[in-house]
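To start, the structure under review is shown below, and the notes come after it.
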Amino acid sequence: MTAREKPAILWFRQDLRLDDHPALHAAAANGRVVQPVFILDDAAEGEWASGGAGRWWLHHSLEALGTQLRRIGAPLLLQRGATADGLVKLAKELGAGSVHCSQRFEPAGPAQEECVRSALAAVGVSFAAHAGALLHDPAVLRTGSGVPYKVYTPFAKSLRAHVAIGDPLPAPRALPSVAQRPAGCTLESLGLLPTFDWAGSMQGRWTPGELGAQKRLAAFMAQPMRDYGEARDIPAQDGSSSLSPHMHWGEISPRRVWSDVSRSDAGKSSGASKFLAEILWREFAAHVLCNFPATASKPLRPEFAKFPWQPSTKHLRAWQRGQTGYPIVDAGMRQLWATGWMHNRVRMIVASFLVKHLLQSWQEGARWFWDTLCDADLASNTLGWQWSAGCGADAAPYFRIFNPILQGEKFDPDGEFVRRWVPELAKVPSEFIHQPWEAPPMVLASSGVLLGETYPRPIVDHPTARERALAALQKISSGKSAARD
Ligand SMILES: Cc1cc2nc3c(=O)[nH]c(=O)nc-3n(C[C@H](O)[C@H](O)[C@H](O)COP(=O)(O)OP(=O)(O)OC[C@H]3O[C@@H](n4cnc5c(N)ncnc54)[C@H](O)[C@@H]3O)c2cc1C
């Protein structure tokens, strides 16, 4: 048998789709028989193995992928354990000549690829990691001085100028599969679902899998995209795409999103252009993490390593449970727990509140998000937290401290978002919804609110917390002036 005729293995990772899948096309080239496999290898992910919400998503996404692959004739094989060992064993069993996968850019990704490459080389099997996860190659795009970008705007300009975003590849209609199906494990035995059922409300909100991703993009392009520029900041509205978990798990490729949006009827609208700019924030996040891999746990700006955080289990718990006494913060944290997702504006507010009002480290916040977000993505989460804490690439300066009351009044003026997620405040008049402690006792009583009992009093006083945060900043830097909120 020549290498060409030997079966190929398609190793699925965070690319759980058939559309626009360069690794799949390479594996199936020349009519080759393909064995698709997904291997759950938590040890290879180290401290960043998927958290609870991510694992819930992965379970359902694998189920959806399995159904699609069965339909086109190449059932998905599931395994768990060390990836390199699993691939070598499988290649020997099938007499496979090559293994194909999509590249990953988080620190664990390239390390795993190297390990697989050398293990396969030792048994004479070729290995190729293909593009597909991003629009650009983070190892190639560089500033004029030849270094990686740390600022979004020049990065985005350079990507638009130098990267040719080609046409997406079609999904195959059929995939010839191996005659003898190798042994694998069941989806249930991967143990991805929670042992107690906290995921009930996520079930109704999401449709993991490629078809769910395509439907969501189509629905977004049909309506909200035109108004995205303004609506994306209003948490009570479905003004953004909610594509993030689909994109994290690779159920839709960034090239497909880019191409469909650009070519749609509203492709030239200001909403579409703002949306594509956000897709480039995803690229930027991957660029930063790929080139500065230590930032997953350490600040990009080293002076912040000495920031005088004031660890407090009590404050951290109150934040995690949506019991801080600041309605917009609590609404966001409860939305996160119930749906595995949080609106972007509210992510910025709750992150700022944790690191600045409560002086809890950004790493604590990032960890909680990692476990509770179904779109938990090492690059975007790290960028988002370091941006909020003022210690990362193109970050908001630390001294710019979001006022949770003003943010609530500006982006949730009638308190619709707060009322939805903090039902104990549902009857509070809009005037006081973002600061119920200012409401006269009669108003609170008629709204059914007993502060300190049915809803907490503010865990910290905003002006005091603001001064404390600025004093903490002074300890690591001198000569920076404080700006107003
Ligand atoms: C503290 C913090 C933590 C975050 N953690 C994550 C995370 O773990 N995973 C994640 O995907 N995003 C994260 N984000 C970025 C952003 O909040 C989400 O991508 C966005 O809210 C997802 O909703 P959407 O799909 O409706 O976005 P849309 O507004 O519809 O944007 C479209 C897509 O662009 C990308 N995108 C949008 N904004 C950003 C951004 N600021 N950074 C990177 N990519 C972006 C996402 O892939 C998103 O799906 C974080 C932001 C903050 C402030």
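Going through the structure tokens in order, the chains are called A, B, and so on, while each chain numbers its residues from 1 and the ligands are numbered from 1 in the order shown.
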
- Let me have all residues with an atom within 7 Å of ligand 1, counting only C-alpha atoms and all ligand atoms, laid out as an MDAnalysis selection string. chainID A and resid 232 240:245 247:248 275 278:279 281:282 285 342:344 347:348 351 369:370 373 375:378 380:385 388

- Query: Could you pull out all residues of region 19-86 of chain A with a DSSP call of strand (DSSP E or B) and give them as a ChimeraX atom specification?
  - Reply: /A:34-40,77-80

May I have the residues from that selection written out with all heavy atoms, as a compact mmCIF listing (two decimals), in the first residue's frame?
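Done, and the output landed in selection_1.txt:
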```txt
# COMPACT_ATOMS: atom_id res chain seq x y z
N VAL A 34 -11.03 7.90 5.70
CA VAL A 34 -10.69 8.74 6.86
C VAL A 34 -11.31 8.17 8.13
O VAL A 34 -12.49 7.79 8.14
CB VAL A 34 -11.22 10.18 6.64
CG1 VAL A 34 -11.00 11.03 7.89
CG2 VAL A 34 -10.55 10.84 5.44
N GLN A 35 -10.52 8.15 9.18
CA GLN A 35 -11.07 7.79 10.49
C GLN A 35 -11.04 9.04 11.39
O GLN A 35 -9.97 9.47 11.82
CB GLN A 35 -10.24 6.67 11.14
CG GLN A 35 -10.69 6.34 12.56
CD GLN A 35 -12.14 5.87 12.62
OE1 GLN A 35 -12.51 4.88 12.01
NE2 GLN A 35 -13.00 6.60 13.36
N PRO A 36 -12.19 9.62 11.69
CA PRO A 36 -12.19 10.76 12.60
C PRO A 36 -12.12 10.29 14.06
O PRO A 36 -12.77 9.32 14.42
CB PRO A 36 -13.55 11.44 12.33
CG PRO A 36 -14.26 10.60 11.33
CD PRO A 36 -13.53 9.32 11.17
N VAL A 37 -11.37 11.03 14.86
CA VAL A 37 -11.25 10.66 16.29
C VAL A 37 -11.19 11.92 17.15
O VAL A 37 -10.62 12.93 16.73
CB VAL A 37 -10.00 9.76 16.52
CG1 VAL A 37 -8.71 10.46 16.16
CG2 VAL A 37 -9.93 9.28 17.97
N PHE A 38 -11.80 11.85 18.31
CA PHE A 38 -11.63 12.90 19.32
C PHE A 38 -11.09 12.21 20.57
O PHE A 38 -11.62 11.18 21.00
CB PHE A 38 -12.96 13.60 19.64
CG PHE A 38 -12.81 14.63 20.73
CD1 PHE A 38 -12.45 15.94 20.41
CD2 PHE A 38 -12.97 14.30 22.07
CE1 PHE A 38 -12.27 16.89 21.41
CE2 PHE A 38 -12.79 15.25 23.08
CZ PHE A 38 -12.45 16.54 22.73
N ILE A 39 -10.03 12.79 21.14
CA ILE A 39 -9.42 12.17 22.33
C ILE A 39 -9.48 13.16 23.49
O ILE A 39 -8.91 14.26 23.40
CB ILE A 39 -7.95 11.76 22.06
CG1 ILE A 39 -7.90 10.84 20.82
CG2 ILE A 39 -7.35 11.07 23.28
CD1 ILE A 39 -6.49 10.47 20.38
N LEU A 40 -10.16 12.79 24.55
CA LEU A 40 -10.20 13.67 25.73
C LEU A 40 -8.93 13.44 26.54
O LEU A 40 -8.71 12.35 27.06
CB LEU A 40 -11.44 13.36 26.59
CG LEU A 40 -11.63 14.29 27.78
CD1 LEU A 40 -12.00 15.71 27.32
CD2 LEU A 40 -12.71 13.76 28.73
N LEU A 77 -14.86 8.37 16.30
CA LEU A 77 -14.34 7.50 17.35
C LEU A 77 -14.00 8.37 18.55
O LEU A 77 -13.39 9.44 18.40
CB LEU A 77 -13.08 6.82 16.81
CG LEU A 77 -12.40 5.81 17.72
CD1 LEU A 77 -13.28 4.56 17.85
CD2 LEU A 77 -11.04 5.42 17.13
N LEU A 78 -14.41 7.94 19.73
CA LEU A 78 -14.08 8.69 20.95
C LEU A 78 -13.11 7.90 21.78
O LEU A 78 -13.24 6.68 21.92
CB LEU A 78 -15.36 8.96 21.76
CG LEU A 78 -16.43 9.82 21.09
CD1 LEU A 78 -17.68 9.86 21.95
CD2 LEU A 78 -15.90 11.24 20.85
N GLN A 79 -12.13 8.62 22.34
CA GLN A 79 -11.17 7.97 23.23
C GLN A 79 -10.85 8.91 24.36
O GLN A 79 -11.11 10.11 24.27
CB GLN A 79 -9.86 7.66 22.48
CG GLN A 79 -10.00 6.61 21.40
CD GLN A 79 -8.66 6.24 20.78
OE1 GLN A 79 -7.64 6.86 21.05
NE2 GLN A 79 -8.68 5.23 19.93
N ARG A 80 -10.24 8.41 25.43
CA ARG A 80 -9.68 9.31 26.44
C ARG A 80 -8.31 8.80 26.85
O ARG A 80 -8.02 7.61 26.71
CB ARG A 80 -10.61 9.46 27.64
CG ARG A 80 -10.77 8.26 28.53
CD ARG A 80 -11.74 8.54 29.66
NE ARG A 80 -11.39 9.77 30.36
CZ ARG A 80 -12.23 10.45 31.15
NH1 ARG A 80 -13.47 10.04 31.30
NH2 ARG A 80 -11.83 11.53 31.79
```

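Residues in contact range of Pro170 (chain A), defined as at most 12 Å between only C-alpha atoms, with sequence neighbours fewer than 5 positions away removed, read Arg17, Leu18, Asp19, Asp20, His21, Pro22, Leu24, His25, Ser253, Arg255 and Arg256 of chain A.
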
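Across A:Ser262, A:Arg32, A:Gly204, A:Pro182, the tightest approach to Glu5 (chain A) is made by A:Arg32 when counting only C-alpha atoms.
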
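Nearest to Phe402 (chain A) of all the residues A:Gln223, A:Ser352, A:Gln474, A:Ser259 is A:Ser352, counting only C-alpha atoms.
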
- Give me the residues within 12 Å of Phe307 (chain A) as a count of residues only, counting only C-alpha atoms and dropping any in the same chain fewer than 2 places off. 29

For Pro107 (chain A): contacts at 8 Å, only C-alpha atoms, fewer than 2 positions along chain excluded, given as a compact mmCIF listing (two decimals) with C-alpha atoms, in the first residue's frame:
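Writing done, so here's result_39.txt:
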```
# COMPACT_ATOMS: atom_id res chain seq x y z
CA PHE A 105 -2.56 28.35 19.61
CA GLY A 109 -1.70 23.27 21.71
CA PRO A 110 1.74 23.47 20.08
CA ALA A 111 3.27 21.40 22.89
CA LEU A 289 -1.53 34.68 24.04
CA CYS A 290 0.38 32.86 21.33
CA PRO A 293 2.09 32.46 26.54
```

- Message: Using DSSP assignments from the backbone, pull out every residue in region 232-328 of chain A that falls under alpha helix (DSSP H) and give it to me as an MDAnalysis selection string.
- Response: chainID A and resid 244:248 254:263 270:291 313:320 327:328

- Item | Shell of 10 Å around Leu187 (chain A), only C-alpha atoms, local chain residues under 4 positions omitted, as a ChimeraX atom specification | /A:59-60,62-63,66,77-79,191-193

Output C-alpha atoms for every residue in that selection, as a PDB file, in the first residue's frame.
```pdb
ATOM      1  CA  HIS A  59     -20.453  16.815  25.416  1.00  0.00           C
ATOM      2  CA  HIS A  60     -23.299  18.173  23.313  1.00  0.00           C
ATOM      3  CA  LEU A  62     -19.430  15.935  20.217  1.00  0.00           C
ATOM      4  CA  GLU A  63     -22.884  14.421  20.103  1.00  0.00           C
ATOM      5  CA  GLY A  66     -21.028  12.376  15.809  1.00  0.00           C
ATOM      6  CA  LEU A  77     -14.345   7.501  17.348  1.00  0.00           C
ATOM      7  CA  LEU A  78     -14.083   8.694  20.946  1.00  0.00           C
ATOM      8  CA  GLN A  79     -11.166   7.966  23.228  1.00  0.00           C
ATOM      9  CA  GLY A 191     -17.810  12.052  31.964  1.00  0.00           C
ATOM     10  CA  LEU A 192     -18.249  15.553  30.573  1.00  0.00           C
ATOM     11  CA  LEU A 193     -21.704  16.184  32.021  1.00  0.00           C
TER      12      LEU A 193
END
```

- Which residues, written as number ranges by chain, have at least one atom at most 10 Å from Arg205 (chain A), with only C-alpha atoms counted and residues fewer than 4 positions away on the same chain left out? A: 200-201, 338-341

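With only C-alpha atoms as the atoms that count, the minimum distance from Glu251 (chain A) to the choices A:Ala272, A:Thr195, A:Pro208, A:Pro154 is reached by A:Pro208.
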
- Task: Kindly indicate which residue among A:Val257, A:Ala121, A:Ile234, A:Met442 lies nearest to Ile165 (chain A), using only C-alpha atoms for the distances.
- Result: A:Val257

- With distances taken over only C-alpha atoms, the candidate from A:Ala27, A:Leu58, A:Ala164, A:Leu169 nearest Gly97 (chain A) is A:Ala27

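From CA of Val151 (chain A) back to CA of Ala393 (chain A), the distance works out to 6.1 Å.
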
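Counting only C-alpha atoms and comparing A:Tyr326, A:Phe220, A:Trp206, A:Trp198, the residue that lies closest to Glu438 (chain A) is A:Tyr326.
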
- Message: Would you compute the distance between CA of Val418 (chain A) and CA of Ile328 (chain A)? Give it in Å to one decimal.
- Response: 5.9 Å

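Coordinates place CA of Gln14 (chain A) at a distance of 10.3 Å from CA of Ser61 (chain A).
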